[in-house]
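S.K.: Below you'll find start24.cif; it's mmCIF, C-alpha atoms.
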```cif
data_upload
loop_
_atom_site.group_PDB
_atom_site.id
_atom_site.type_symbol
_atom_site.label_atom_id
_atom_site.label_comp_id
_atom_site.auth_asym_id
_atom_site.auth_seq_id
_atom_site.Cartn_x
_atom_site.Cartn_y
_atom_site.Cartn_z
ATOM 1 C CA MET A 23 60.442 -198.391 -27.002
ATOM 2 C CA ASN A 24 56.780 -197.351 -27.178
ATOM 3 C CA CYS A 25 55.339 -199.343 -24.290
ATOM 4 C CA GLN A 26 55.656 -198.933 -20.531
ATOM 5 C CA GLU A 27 55.604 -202.689 -20.004
ATOM 6 C CA THR A 28 56.858 -205.854 -21.642
ATOM 7 C CA ASN A 29 54.532 -206.886 -24.463
ATOM 8 C CA TYR A 30 54.225 -210.650 -24.908
ATOM 9 C CA GLY A 31 52.333 -210.268 -28.161
ATOM 10 C CA PRO A 32 48.881 -211.618 -29.066
ATOM 11 C CA GLY A 33 49.707 -215.316 -28.702
ATOM 12 C CA TYR A 34 47.117 -217.466 -26.934
ATOM 13 C CA ASN A 35 49.612 -219.178 -24.630
ATOM 14 C CA THR A 36 50.171 -215.889 -22.756
ATOM 15 C CA ILE A 37 46.781 -214.225 -23.226
ATOM 16 C CA LEU A 38 45.416 -214.605 -19.683
ATOM 17 C CA PRO A 39 46.972 -211.332 -18.358
ATOM 18 C CA SER A 40 45.457 -209.433 -21.301
ATOM 19 C CA ASN A 41 41.972 -210.975 -21.347
ATOM 20 C CA PRO A 42 40.549 -212.738 -18.264
ATOM 21 C CA ALA A 43 37.555 -213.982 -20.286
ATOM 22 C CA TYR A 44 39.802 -216.778 -21.622
ATOM 23 C CA SER A 45 39.963 -218.323 -18.135
ATOM 24 C CA GLY A 46 38.757 -221.913 -18.431
ATOM 25 C CA ILE A 47 37.595 -221.414 -22.020
ATOM 26 C CA GLY A 48 39.262 -224.679 -23.048
ATOM 27 C CA GLY A 49 37.412 -226.616 -20.365
ATOM 28 C CA ASP A 50 40.224 -228.756 -18.976
ATOM 29 C CA GLY A 51 42.611 -227.466 -16.346
ATOM 30 C CA THR A 52 45.689 -226.279 -18.253
ATOM 31 C CA LEU A 53 49.123 -225.276 -17.006
ATOM 32 C CA ARG A 54 51.011 -223.001 -19.425
ATOM 33 C CA MET A 55 54.677 -222.060 -19.158
ATOM 34 C CA SER A 56 56.683 -219.773 -21.443
ATOM 35 C CA TYR A 57 60.188 -218.387 -21.650
ATOM 36 C CA LEU A 58 60.838 -215.366 -23.890
ATOM 37 C CA ASN A 59 64.297 -214.086 -24.821
ATOM 38 C CA PHE A 60 64.025 -210.611 -26.371
ATOM 39 C CA TYR A 61 66.623 -209.277 -28.861
ATOM 40 C CA PRO A 62 68.835 -212.399 -28.643
ATOM 41 C CA GLY A 63 72.504 -212.163 -29.545
ATOM 42 C CA HIS A 64 72.973 -208.573 -28.358
ATOM 43 C CA ASN A 65 73.625 -209.134 -24.633
ATOM 44 C CA TYR A 66 70.678 -206.937 -23.653
ATOM 45 C CA ASN A 67 69.813 -209.417 -20.888
ATOM 46 C CA PHE A 68 66.068 -209.095 -21.485
ATOM 47 C CA HIS A 69 64.104 -212.183 -20.409
ATOM 48 C CA THR A 70 60.557 -213.039 -19.401
ATOM 49 C CA PHE A 71 59.262 -216.064 -17.513
ATOM 50 C CA TYR A 72 55.538 -216.773 -17.509
ATOM 51 C CA VAL A 73 53.335 -219.431 -15.908
ATOM 52 C CA SER A 74 49.542 -219.674 -15.642
ATOM 53 C CA TYR A 75 46.835 -222.161 -14.747
ATOM 54 C CA ASP A 76 43.152 -221.944 -15.665
ATOM 55 C CA SER A 77 40.206 -224.332 -15.698
ATOM 56 C CA TYR A 78 36.421 -224.564 -15.819
ATOM 57 C CA PHE A 79 34.680 -224.925 -12.457
ATOM 58 C CA GLN A 80 31.046 -225.982 -12.488
ATOM 59 C CA PHE A 81 30.183 -224.500 -9.072
ATOM 60 C CA ILE A 82 31.032 -220.962 -10.286
ATOM 61 C CA HIS A 83 29.451 -221.552 -13.718
ATOM 62 C CA GLY A 84 32.596 -220.369 -15.431
ATOM 63 C CA GLY A 85 36.359 -220.402 -15.408
ATOM 64 C CA ALA A 86 39.067 -219.142 -13.105
ATOM 65 C CA GLY A 87 42.780 -218.698 -13.517
ATOM 66 C CA ILE A 88 45.991 -217.517 -11.930
ATOM 67 C CA TYR A 89 49.195 -216.259 -13.531
ATOM 68 C CA ILE A 90 52.666 -215.045 -12.552
ATOM 69 C CA SER A 91 55.194 -213.369 -14.842
ATOM 70 C CA ASN A 92 58.658 -211.988 -14.251
ATOM 71 C CA ASP A 93 60.280 -209.553 -16.694
ATOM 72 C CA TYR A 94 64.037 -209.274 -16.168
ATOM 73 C CA ILE A 95 65.128 -206.165 -18.059
ATOM 74 C CA GLY A 96 68.853 -205.516 -18.469
ATOM 75 C CA GLY A 97 69.688 -206.571 -14.931
ATOM 76 C CA MET A 98 68.432 -203.234 -13.547
ATOM 77 C CA VAL A 99 64.644 -203.328 -13.897
ATOM 78 C CA ASN A 100 62.475 -206.214 -12.731
ATOM 79 C CA ASP A 101 58.715 -206.332 -13.314
ATOM 80 C CA LEU A 102 56.939 -208.995 -11.281
ATOM 81 C CA ARG A 103 53.247 -209.473 -12.010
ATOM 82 C CA GLY A 104 50.712 -211.856 -10.562
ATOM 83 C CA GLY A 105 46.946 -211.984 -10.789
ATOM 84 C CA LEU A 106 43.657 -213.834 -10.500
ATOM 85 C CA SER A 107 40.947 -213.965 -13.148
ATOM 86 C CA TYR A 108 37.331 -215.091 -13.359
ATOM 87 C CA SER A 109 35.043 -215.594 -16.346
ATOM 88 C CA TYR A 110 31.311 -216.244 -16.435
ATOM 89 C CA PHE A 111 29.976 -218.451 -19.263
ATOM 90 C CA LEU A 112 26.634 -217.792 -20.914
ATOM 91 C CA GLN A 113 24.838 -219.532 -23.786
ATOM 92 C CA ALA A 114 23.074 -216.655 -25.537
ATOM 93 C CA GLY A 115 21.673 -218.642 -28.481
ATOM 94 C CA GLU A 116 21.628 -222.010 -30.172
ATOM 95 C CA ASP A 117 25.203 -221.553 -31.392
ATOM 96 C CA LEU A 118 26.183 -218.321 -29.631
ATOM 97 C CA TYR A 119 28.291 -218.413 -26.476
ATOM 98 C CA ILE A 120 29.672 -215.531 -24.417
ATOM 99 C CA SER A 121 32.356 -215.471 -21.747
ATOM 100 C CA ALA A 122 32.820 -212.270 -19.709
ATOM 101 C CA GLY A 123 35.792 -211.908 -17.387
ATOM 102 C CA LEU A 124 37.401 -209.746 -14.723
ATOM 103 C CA SER A 125 40.934 -209.795 -13.335
ATOM 104 C CA ALA A 126 42.792 -208.292 -10.403
ATOM 105 C CA SER A 127 46.561 -208.337 -10.218
ATOM 106 C CA VAL A 128 49.591 -206.787 -8.542
ATOM 107 C CA PHE A 129 52.285 -205.093 -10.643
ATOM 108 C CA ASN A 130 55.593 -204.721 -8.792
ATOM 109 C CA ARG A 131 58.462 -202.797 -10.386
ATOM 110 C CA GLY A 132 61.870 -203.066 -8.752
ATOM 111 C CA PHE A 133 65.262 -201.525 -9.529
ATOM 112 C CA ASN A 134 68.843 -202.627 -8.959
ATOM 113 C CA PHE A 135 71.392 -199.940 -9.865
ATOM 114 C CA ASN A 136 74.443 -201.661 -8.365
ATOM 115 C CA LYS A 137 75.939 -202.246 -11.820
ATOM 116 C CA ALA A 138 74.696 -199.028 -13.421
ATOM 117 C CA ILE A 139 77.232 -196.751 -15.160
ATOM 118 C CA LEU A 140 76.194 -193.092 -15.369
ATOM 119 C CA PRO A 141 77.584 -190.543 -17.865
ATOM 120 C CA ASP A 142 79.646 -188.662 -15.275
ATOM 121 C CA GLN A 143 81.459 -191.892 -14.385
ATOM 122 C CA ILE A 144 83.123 -192.026 -17.828
ATOM 123 C CA ASP A 145 86.260 -189.898 -18.244
ATOM 124 C CA ALA A 146 87.756 -188.415 -21.426
ATOM 125 C CA MET A 147 89.763 -191.599 -22.084
ATOM 126 C CA GLY A 148 86.637 -193.741 -21.929
ATOM 127 C CA MET A 149 87.585 -195.263 -18.595
ATOM 128 C CA VAL A 150 84.953 -195.769 -15.899
ATOM 129 C CA SER A 151 85.416 -194.320 -12.440
ATOM 130 C CA HIS A 152 83.361 -195.621 -9.545
ATOM 131 C CA SER A 153 82.041 -192.385 -8.138
ATOM 132 C CA SER A 154 79.071 -190.382 -9.372
ATOM 133 C CA SER A 155 77.442 -187.131 -8.331
ATOM 134 C CA GLU A 156 74.032 -188.763 -8.777
ATOM 135 C CA ASN A 157 72.682 -191.134 -6.161
ATOM 136 C CA LEU A 158 70.367 -193.823 -7.502
ATOM 137 C CA VAL A 159 68.221 -195.612 -4.941
ATOM 138 C CA ASN A 160 67.039 -199.184 -5.339
ATOM 139 C CA THR A 161 63.301 -198.868 -4.794
ATOM 140 C CA ASN A 162 60.226 -201.036 -5.311
ATOM 141 C CA ARG A 163 56.755 -199.938 -6.282
ATOM 142 C CA ALA A 164 53.699 -202.235 -6.155
ATOM 143 C CA VAL A 165 50.314 -201.215 -7.557
ATOM 144 C CA LEU A 166 46.922 -202.858 -8.001
ATOM 145 C CA ASP A 167 45.912 -203.497 -11.596
ATOM 146 C CA LEU A 168 42.475 -204.366 -13.013
ATOM 147 C CA GLY A 169 41.286 -205.706 -16.347
ATOM 148 C CA THR A 170 38.189 -206.949 -18.113
ATOM 149 C CA GLY A 171 37.291 -208.736 -21.322
ATOM 150 C CA VAL A 172 34.756 -210.747 -23.285
ATOM 151 C CA VAL A 173 34.940 -213.730 -25.672
ATOM 152 C CA ILE A 174 32.156 -214.445 -28.193
ATOM 153 C CA THR A 175 31.957 -217.810 -29.962
ATOM 154 C CA MET A 176 29.685 -218.480 -32.924
ATOM 155 C CA GLY A 177 30.000 -221.362 -35.336
ATOM 156 C CA LYS A 178 33.557 -221.850 -36.499
ATOM 157 C CA TRP A 179 34.698 -218.404 -35.353
ATOM 158 C CA PHE A 180 35.412 -216.718 -32.062
ATOM 159 C CA GLY A 181 36.453 -213.181 -31.201
ATOM 160 C CA SER A 182 37.434 -211.314 -28.066
ATOM 161 C CA PHE A 183 37.881 -207.776 -26.779
ATOM 162 C CA SER A 184 39.642 -206.707 -23.599
ATOM 163 C CA ILE A 185 40.814 -203.628 -21.697
ATOM 164 C CA SER A 186 43.881 -203.841 -19.470
ATOM 165 C CA HIS A 187 45.027 -201.318 -16.810
ATOM 166 C CA LEU A 188 41.520 -199.996 -16.191
ATOM 167 C CA ALA A 189 42.654 -197.769 -13.292
ATOM 168 C CA GLN A 190 45.866 -196.704 -15.091
ATOM 169 C CA PRO A 191 48.061 -197.427 -12.029
ATOM 170 C CA ASP A 192 51.010 -195.142 -11.207
ATOM 171 C CA LEU A 193 54.282 -197.110 -11.348
ATOM 172 C CA SER A 194 56.457 -194.338 -9.887
ATOM 173 C CA GLY A 195 54.345 -192.902 -7.085
ATOM 174 C CA THR A 196 55.267 -189.365 -8.160
ATOM 175 C CA GLY A 197 51.889 -188.624 -9.710
ATOM 176 C CA SER A 198 53.454 -187.902 -13.094
ATOM 177 C CA SER A 199 51.091 -188.811 -15.934
ATOM 178 C CA VAL A 200 53.892 -190.395 -17.989
ATOM 179 C CA ASP A 201 54.401 -193.051 -15.303
ATOM 180 C CA HIS A 202 50.795 -194.249 -15.342
ATOM 181 C CA LEU A 203 50.247 -197.486 -17.240
ATOM 182 C CA MET A 204 48.105 -196.534 -20.202
ATOM 183 C CA ARG A 205 44.997 -198.574 -20.919
ATOM 184 C CA LYS A 206 45.589 -201.335 -23.456
ATOM 185 C CA TYR A 207 42.805 -202.411 -25.846
ATOM 186 C CA LEU A 208 43.116 -205.812 -27.524
ATOM 187 C CA LEU A 209 40.839 -207.290 -30.201
ATOM 188 C CA ASN A 210 41.379 -210.932 -31.267
ATOM 189 C CA VAL A 211 39.578 -213.047 -33.854
ATOM 190 C CA ALA A 212 40.209 -216.627 -35.049
ATOM 191 C CA GLY A 213 38.509 -219.397 -37.012
ATOM 192 C CA ASP A 214 38.679 -223.174 -37.249
ATOM 193 C CA TYR A 215 38.205 -225.119 -40.510
ATOM 194 C CA GLY A 216 38.844 -228.793 -41.114
ATOM 195 C CA PHE A 217 39.771 -230.460 -44.408
ATOM 196 C CA GLY A 218 41.146 -233.743 -45.671
ATOM 197 C CA LYS A 219 39.948 -237.205 -44.743
ATOM 198 C CA LYS A 220 37.802 -236.980 -41.602
ATOM 199 C CA ASP A 221 39.032 -233.384 -41.175
ATOM 200 C CA MET A 222 42.451 -234.667 -40.096
ATOM 201 C CA TYR A 223 43.955 -231.281 -41.046
ATOM 202 C CA ARG A 224 42.786 -227.932 -39.706
ATOM 203 C CA ILE A 225 43.517 -224.378 -40.810
ATOM 204 C CA ARG A 226 43.130 -221.686 -38.137
ATOM 205 C CA PRO A 227 43.162 -218.104 -39.511
ATOM 206 C CA ALA A 228 43.773 -215.491 -36.805
ATOM 207 C CA GLY A 229 44.246 -211.770 -36.401
ATOM 208 C CA ALA A 230 44.477 -209.082 -33.725
ATOM 209 C CA VAL A 231 44.589 -205.313 -33.178
ATOM 210 C CA GLU A 232 46.247 -203.757 -30.117
ATOM 211 C CA ILE A 233 46.108 -200.105 -29.015
ATOM 212 C CA GLN A 234 47.987 -198.581 -26.090
ATOM 213 C CA GLY A 235 48.249 -194.794 -26.006
ATOM 214 C CA SER A 236 49.495 -193.634 -29.403
ATOM 215 C CA PHE A 237 50.884 -197.082 -30.279
ATOM 216 C CA ILE A 238 48.799 -199.240 -32.626
ATOM 217 C CA SER A 239 49.792 -202.682 -33.853
ATOM 218 C CA PHE A 240 47.971 -205.439 -35.712
ATOM 219 C CA TYR A 241 48.745 -208.874 -37.062
ATOM 220 C CA GLU A 242 47.303 -211.464 -39.380
ATOM 221 C CA GLY A 243 48.362 -215.097 -39.616
ATOM 222 C CA ALA A 244 47.303 -218.723 -39.687
ATOM 223 C CA VAL A 245 47.970 -222.058 -38.018
ATOM 224 C CA LEU A 246 48.049 -225.404 -39.849
ATOM 225 C CA GLU A 247 47.311 -228.258 -37.453
ATOM 226 C CA THR A 248 47.569 -232.030 -37.720
ATOM 227 C CA GLN A 249 46.955 -234.613 -35.017
ATOM 228 C CA PHE A 250 50.378 -234.150 -33.400
ATOM 229 C CA LEU A 251 52.043 -231.178 -35.129
ATOM 230 C CA SER A 252 51.059 -227.607 -35.907
ATOM 231 C CA PHE A 253 52.857 -224.812 -37.749
ATOM 232 C CA ASN A 254 52.115 -221.101 -37.509
ATOM 233 C CA THR A 255 53.122 -217.930 -39.254
ATOM 234 C CA ALA A 256 52.065 -214.321 -38.683
ATOM 235 C CA LEU A 257 52.843 -210.842 -39.997
ATOM 236 C CA PHE A 258 53.036 -207.962 -37.496
ATOM 237 C CA GLU A 259 52.681 -204.299 -38.435
ATOM 238 C CA SER A 260 52.488 -201.089 -36.391
ATOM 239 C CA ASN A 261 51.875 -197.379 -36.874
ATOM 240 C CA ASN A 262 55.585 -196.627 -36.391
ATOM 241 C CA LYS A 263 56.166 -198.307 -39.799
ATOM 242 C CA THR A 264 57.649 -201.470 -38.309
ATOM 243 C CA VAL A 265 56.963 -204.843 -39.956
ATOM 244 C CA ASP A 266 57.824 -208.137 -38.248
ATOM 245 C CA MET A 267 57.366 -211.798 -39.137
ATOM 246 C CA GLN A 268 56.861 -214.747 -36.806
ATOM 247 C CA ALA A 269 57.057 -218.471 -37.451
ATOM 248 C CA GLY A 270 56.728 -221.378 -35.071
ATOM 249 C CA PHE A 271 55.639 -224.923 -34.437
ATOM 250 C CA SER A 272 54.215 -227.085 -31.675
ATOM 251 C CA PHE A 273 54.190 -230.781 -30.926
ATOM 252 C CA LYS A 274 51.338 -232.382 -29.001
ATOM 253 C CA LYS A 275 51.313 -235.813 -27.384
ATOM 254 C CA GLU A 276 48.376 -236.737 -25.165
ATOM 255 C CA LYS A 277 48.351 -234.162 -22.320
ATOM 256 C CA LEU A 278 51.627 -232.428 -23.166
ATOM 257 C CA SER A 279 52.242 -229.793 -25.834
ATOM 258 C CA ILE A 280 55.642 -228.190 -26.554
ATOM 259 C CA PHE A 281 55.928 -225.065 -28.700
ATOM 260 C CA TYR A 282 58.536 -222.692 -30.116
ATOM 261 C CA ASN A 283 58.209 -219.317 -31.893
ATOM 262 C CA TYR A 284 60.776 -217.041 -33.516
ATOM 263 C CA ARG A 285 60.051 -213.431 -34.453
ATOM 264 C CA PHE A 286 62.273 -211.282 -36.668
ATOM 265 C CA ASN A 287 62.183 -207.755 -38.041
ATOM 266 C CA ILE A 288 61.600 -207.116 -41.755
ATOM 267 C CA ARG A 289 61.398 -203.320 -41.645
ATOM 268 C CA SER A 290 62.150 -200.993 -38.756
ATOM 269 C CA GLY A 291 60.545 -197.567 -38.837
ATOM 270 C CA SER A 292 63.228 -196.166 -36.524
ATOM 271 C CA SER A 293 66.084 -198.246 -38.029
ATOM 272 C CA LEU A 294 66.963 -199.258 -34.465
ATOM 273 C CA LEU A 295 65.468 -202.737 -34.188
ATOM 274 C CA PRO A 296 67.808 -205.720 -34.676
ATOM 275 C CA PHE A 297 66.880 -208.538 -37.041
ATOM 276 C CA SER A 298 66.167 -211.086 -34.287
ATOM 277 C CA LEU A 299 63.388 -209.870 -31.996
ATOM 278 C CA LEU A 300 62.562 -212.807 -29.758
ATOM 279 C CA HIS A 301 62.675 -216.513 -29.133
ATOM 280 C CA GLN A 302 59.739 -218.062 -27.280
ATOM 281 C CA ALA A 303 59.681 -221.622 -25.980
ATOM 282 C CA GLY A 304 57.273 -223.301 -23.632
ATOM 283 C CA LEU A 305 54.846 -226.057 -22.879
ATOM 284 C CA THR A 306 51.228 -226.606 -21.909
ATOM 285 C CA PHE A 307 50.105 -229.489 -19.746
ATOM 286 C CA LEU A 308 46.602 -230.736 -18.981
ATOM 287 C CA LEU A 309 46.484 -231.328 -15.236
ATOM 288 C CA ASN A 310 42.860 -232.430 -14.963
ATOM 289 C CA ASN A 311 40.020 -233.362 -17.293
ATOM 290 C CA VAL A 312 36.704 -231.567 -16.948
ATOM 291 C CA GLU A 313 33.285 -233.115 -17.556
ATOM 292 C CA LYS A 314 32.533 -232.531 -21.257
ATOM 293 C CA ARG A 315 28.735 -232.400 -20.920
ATOM 294 C CA MET A 316 28.849 -228.688 -20.182
ATOM 295 C CA LYS A 317 26.448 -225.996 -21.343
ATOM 296 C CA PHE A 318 29.061 -223.964 -23.148
ATOM 297 C CA LYS A 319 31.313 -224.389 -26.124
ATOM 298 C CA THR A 320 34.959 -225.020 -25.347
ATOM 299 C CA ILE A 321 37.623 -223.478 -27.579
ATOM 300 C CA ASN A 322 40.711 -225.269 -28.807
ATOM 301 C CA LEU A 323 42.964 -222.202 -28.867
ATOM 302 C CA PRO A 324 45.292 -221.824 -31.878
ATOM 303 C CA GLN A 325 48.938 -222.646 -31.200
ATOM 304 C CA LEU A 326 50.110 -219.182 -32.217
#
```
Please go through the file and, once you have read it, give me the structure as structure tokens.
M.R.:
Amino acid sequence: MNCQETNYGPGYNTILPSNPAYSGIGGDGTLRMSYLNFYPGHNYNFHTFYVSYDSYFQFIHGGAGIYISNDYIGGMVNDLRGGLSYSYFLQAGEDLYISAGLSASVFNRGFNFNKAILPDQIDAMGMVSHSSSENLVNTNRAVLDLGTGVVITMGKWFGSFSISHLAQPDLSGTGSSVDHLMRKYLLNVAGDYGFGKKDMYRIRPAGAVEIQGSFISFYEGAVLETQFLSFNTALFESNNKTVDMQAGFSFKKEKLSIFYNYRFNIRSGSSLLPFSLLHQAGLTFLLNNVEKRMKFKTINLPQL
């Protein structure tokens, strides 16, 4: 209710649209696919499909990526987004690595009011008539969107900062300030610690802060990883007094990883949010291996 766009959350499997500096940060060429079902069980018909590919390319001394997402909102609004990203890798010290990225994308918002029911179509008996004094036009609006970000890796920790919607594109074309996409600021941080025999188990603490206009949200969580399985949990809070919890798992076998997350509401500041907030399922697949003797530190992103 606070955002002008679908928010996928701070998970690393859908982070490329928010921070282009993550392009190729894992080294190998990786295909990521996600399906998100928002507010399940309430027939809101709110779905998102996401796919991206990114890899390290030696001839550009960095990473590059491409992503496409489609937000299907209630059968009447459709947000289609696609973009390209580039990140330049730099070793700034013995154990200090920096990745700086830029992205350019197209944000297309379309409408389909064929099944819309307006207030003046409902009579006193609650029946729906099929004539309205208001004429809604199915229109499309496409705008150019830009973003930038940086990732800093040092020791067992890495952090990132990004700014999305740099030009604050106008989604309506009317010039109204409320229809401009507000800049979104995202700060992520995560660690990586091994324990057990030969560090066969790993704990990955993680956190993030996100600001867009007057909306502020932050989360803290952790991922427990083994050779094939990982489990994650995270607590989400925002300045509208909403508290959410997320739990999930992933299974990895050679080049394929399958994951699932479920987020639910603990406290709703507006008392409007349902208990179930979203289901997310997807997979990542390594399409090509990259030469490991590179002059930068790759990051095994947390499965969160």
S.K.: Step by step, work through what the PyMOL selection byres ((chain A and resi 236) around 12) selects in the shown file, and finish by giving those residues as a VMD selection string.
M.R.: chain A and resid 24 to 25 204 to 207 232 to 235 237 to 239 260 to 262
S.K.: Kindly save the residues from that selection, with C-alpha atoms included, as an mmCIF file, keeping the file's coordinate frame.
M.R.:
```
data_model
loop_
_atom_site.group_PDB
_atom_site.id
_atom_site.type_symbol
_atom_site.label_atom_id
_atom_site.label_comp_id
_atom_site.auth_asym_id
_atom_site.auth_seq_id
_atom_site.Cartn_x
_atom_site.Cartn_y
_atom_site.Cartn_z
ATOM 1 C CA ASN A 24 56.780 -197.351 -27.178
ATOM 2 C CA CYS A 25 55.339 -199.343 -24.290
ATOM 3 C CA MET A 204 48.105 -196.534 -20.202
ATOM 4 C CA ARG A 205 44.997 -198.574 -20.919
ATOM 5 C CA LYS A 206 45.589 -201.335 -23.456
ATOM 6 C CA TYR A 207 42.805 -202.411 -25.846
ATOM 7 C CA GLU A 232 46.247 -203.757 -30.117
ATOM 8 C CA ILE A 233 46.108 -200.105 -29.015
ATOM 9 C CA GLN A 234 47.987 -198.581 -26.090
ATOM 10 C CA GLY A 235 48.249 -194.794 -26.006
ATOM 11 C CA PHE A 237 50.884 -197.082 -30.279
ATOM 12 C CA ILE A 238 48.799 -199.240 -32.626
ATOM 13 C CA SER A 239 49.792 -202.682 -33.853
ATOM 14 C CA SER A 260 52.488 -201.089 -36.391
ATOM 15 C CA ASN A 261 51.875 -197.379 -36.874
ATOM 16 C CA ASN A 262 55.585 -196.627 -36.391
#
```
S.K.: On this structure, which residues satisfy the PyMOL selection byres ((chain A and resi 132) around 6), written as a list of chain:residue names?
M.R.: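 Checked against the file, the PyMOL selection byres ((chain A and resi 132) around 6) matches A:Val99, A:Asn100, A:Arg131, A:Phe133, A:Thr161, A:Asn162.
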S.K.: Mind dumping the selected residues with C-alpha atoms as a short mmCIF file (atom, residue, chain, number, x, y, z; two decimals), keeping the file's coordinate frame?
M.R.:
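And here is the file that came out, selection11.cif:
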```
data_model
loop_
_atom_site.label_atom_id
_atom_site.label_comp_id
_atom_site.auth_asym_id
_atom_site.auth_seq_id
_atom_site.Cartn_x
_atom_site.Cartn_y
_atom_site.Cartn_z
CA VAL A 99 64.64 -203.33 -13.90
CA ASN A 100 62.48 -206.21 -12.73
CA ARG A 131 58.46 -202.80 -10.39
CA PHE A 133 65.26 -201.52 -9.53
CA THR A 161 63.30 -198.87 -4.79
CA ASN A 162 60.23 -201.04 -5.31
#
```
S.K.: For a test of reading the model, state the distance in Å between atom CA of A:Ser45 and atom CA of A:Leu299, rounded to one decimal.
M.R.: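 Rounded to one decimal, the two atoms are 28.5 Å apart.
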S.K.: Could you write out as a count of residues only the residues that the PyMOL selection byres ((chain A and resi 140) around 12) matches in the shown file?
M.R.: 19
S.K.: Write out as a ChimeraX atom specification which residues come within 6 Å of stretch 318-326 of chain A when counting all atoms listed in the file, dropping same-chain ones fewer than 5 positions away.
M.R.: /A:33,47-49,254
S.K.: Which residue out of A:Thr175, A:Ser91, A:Thr248, A:Asn134 has the minimum interatomic distance to A:Asn210 when all atoms listed in the file are used?
M.R.: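 Looking only at the distances to A:Asn210, the closest residue turns out to be A:Thr175.
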S.K.: One number please: atom CA of A:Gly291 to atom CA of A:Phe258, in Å, one decimal.
M.R.: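 For atom CA of A:Gly291 relative to atom CA of A:Phe258, the distance reads 12.9 Å.
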S.K.: Of the candidates A:Val265, A:Leu112, A:Ala230, A:Leu53, which one gets nearest to A:Ile82 if we count all atoms listed in the file?
M.R.: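 Selected residue with least distance to A:Ile82: A:Leu112.
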S.K.: Looking at all atoms listed in the file, which of A:Phe81, A:Glu247, A:Met147, A:Val231 is the one that sits closest to A:Phe217?
M.R.: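 Distance minimum relative to A:Phe217 lands on A:Glu247.
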S.K.: Record the distance separating atom CA of A:Asn29 and atom CA of A:Met176, expressed in Å with one decimal.
M.R.: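 It comes out at 28.7 Å.
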S.K.: Out of A:His187, A:Arg226, A:Lys274, A:Arg285, which residue has the shortest atom-to-atom distance to A:Asn41 when counting only C-alpha atoms?
M.R.: A:His187
S.K.: Excluding A:Gln268 and residues on its chain fewer than 4 positions from it, collect all residues at most 6 Å away from it, counting all atoms listed in the file, and give them as a PDB file with C-alpha atoms, in the coordinates of the input.
M.R.:
```pdb
ATOM      1  CA  THR A 255      53.122-217.930 -39.254  1.00  0.00           C
ATOM      2  CA  ALA A 256      52.065-214.321 -38.683  1.00  0.00           C
ATOM      3  CA  TYR A 284      60.776-217.041 -33.516  1.00  0.00           C
ATOM      4  CA  ARG A 285      60.051-213.431 -34.453  1.00  0.00           C
TER       5      ARG A 285
END
```
S.K.: Which one is closest to A:Gly181: A:Gly229, A:Gly169, A:Gly96, A:Gly195? Count all atoms listed in the file.
M.R.: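 Looking at the shortest contact to A:Gly181, the residue is A:Gly229.
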S.K.: Which residues come within 12 Å of A:Leu308, counting all atoms listed in the file, excluding same-chain residues fewer than 6 positions away, as number ranges by chain?
M.R.: A: 46, 48-55, 74-77, 274-279
S.K.: For C-alpha atoms, I'd like the residues from the last selection saved as a PDB file, keeping the file's coordinate frame.
M.R.:
```pdb
ATOM      1  CA  GLY A  46      38.757-221.913 -18.431  1.00  0.00           C
ATOM      2  CA  GLY A  48      39.262-224.679 -23.048  1.00  0.00           C
ATOM      3  CA  GLY A  49      37.412-226.616 -20.365  1.00  0.00           C
ATOM      4  CA  ASP A  50      40.224-228.756 -18.976  1.00  0.00           C
ATOM      5  CA  GLY A  51      42.611-227.466 -16.346  1.00  0.00           C
ATOM      6  CA  THR A  52      45.689-226.279 -18.253  1.00  0.00           C
ATOM      7  CA  LEU A  53      49.123-225.276 -17.006  1.00  0.00           C
ATOM      8  CA  ARG A  54      51.011-223.001 -19.425  1.00  0.00           C
ATOM      9  CA  MET A  55      54.677-222.060 -19.158  1.00  0.00           C
ATOM     10  CA  SER A  74      49.542-219.674 -15.642  1.00  0.00           C
ATOM     11  CA  TYR A  75      46.835-222.161 -14.747  1.00  0.00           C
ATOM     12  CA  ASP A  76      43.152-221.944 -15.665  1.00  0.00           C
ATOM     13  CA  SER A  77      40.206-224.332 -15.698  1.00  0.00           C
ATOM     14  CA  LYS A 274      51.338-232.382 -29.001  1.00  0.00           C
ATOM     15  CA  LYS A 275      51.313-235.813 -27.384  1.00  0.00           C
ATOM     16  CA  GLU A 276      48.376-236.737 -25.165  1.00  0.00           C
ATOM     17  CA  LYS A 277      48.351-234.162 -22.320  1.00  0.00           C
ATOM     18  CA  LEU A 278      51.627-232.428 -23.166  1.00  0.00           C
ATOM     19  CA  SER A 279      52.242-229.793 -25.834  1.00  0.00           C
TER      20      SER A 279
END
```
S.K.: (57.9, -217.8, -15.0) in this file's frame - what residues fall within 9 Å of it? Use all atoms listed in the file and give the answer as a PDB file with C-alpha atoms, in the frame of the given file.
M.R.:
```pdb
ATOM      1  CA  MET A  55      54.677-222.060 -19.158  1.00  0.00           C
ATOM      2  CA  SER A  56      56.683-219.773 -21.443  1.00  0.00           C
ATOM      3  CA  TYR A  57      60.188-218.387 -21.650  1.00  0.00           C
ATOM      4  CA  THR A  70      60.557-213.039 -19.401  1.00  0.00           C
ATOM      5  CA  PHE A  71      59.262-216.064 -17.513  1.00  0.00           C
ATOM      6  CA  TYR A  72      55.538-216.773 -17.509  1.00  0.00           C
ATOM      7  CA  VAL A  73      53.335-219.431 -15.908  1.00  0.00           C
ATOM      8  CA  SER A  74      49.542-219.674 -15.642  1.00  0.00           C
ATOM      9  CA  TYR A  89      49.195-216.259 -13.531  1.00  0.00           C
ATOM     10  CA  ILE A  90      52.666-215.045 -12.552  1.00  0.00           C
ATOM     11  CA  SER A  91      55.194-213.369 -14.842  1.00  0.00           C
ATOM     12  CA  ASN A  92      58.658-211.988 -14.251  1.00  0.00           C
ATOM     13  CA  ASP A  93      60.280-209.553 -16.694  1.00  0.00           C
TER      14      ASP A  93
END
```
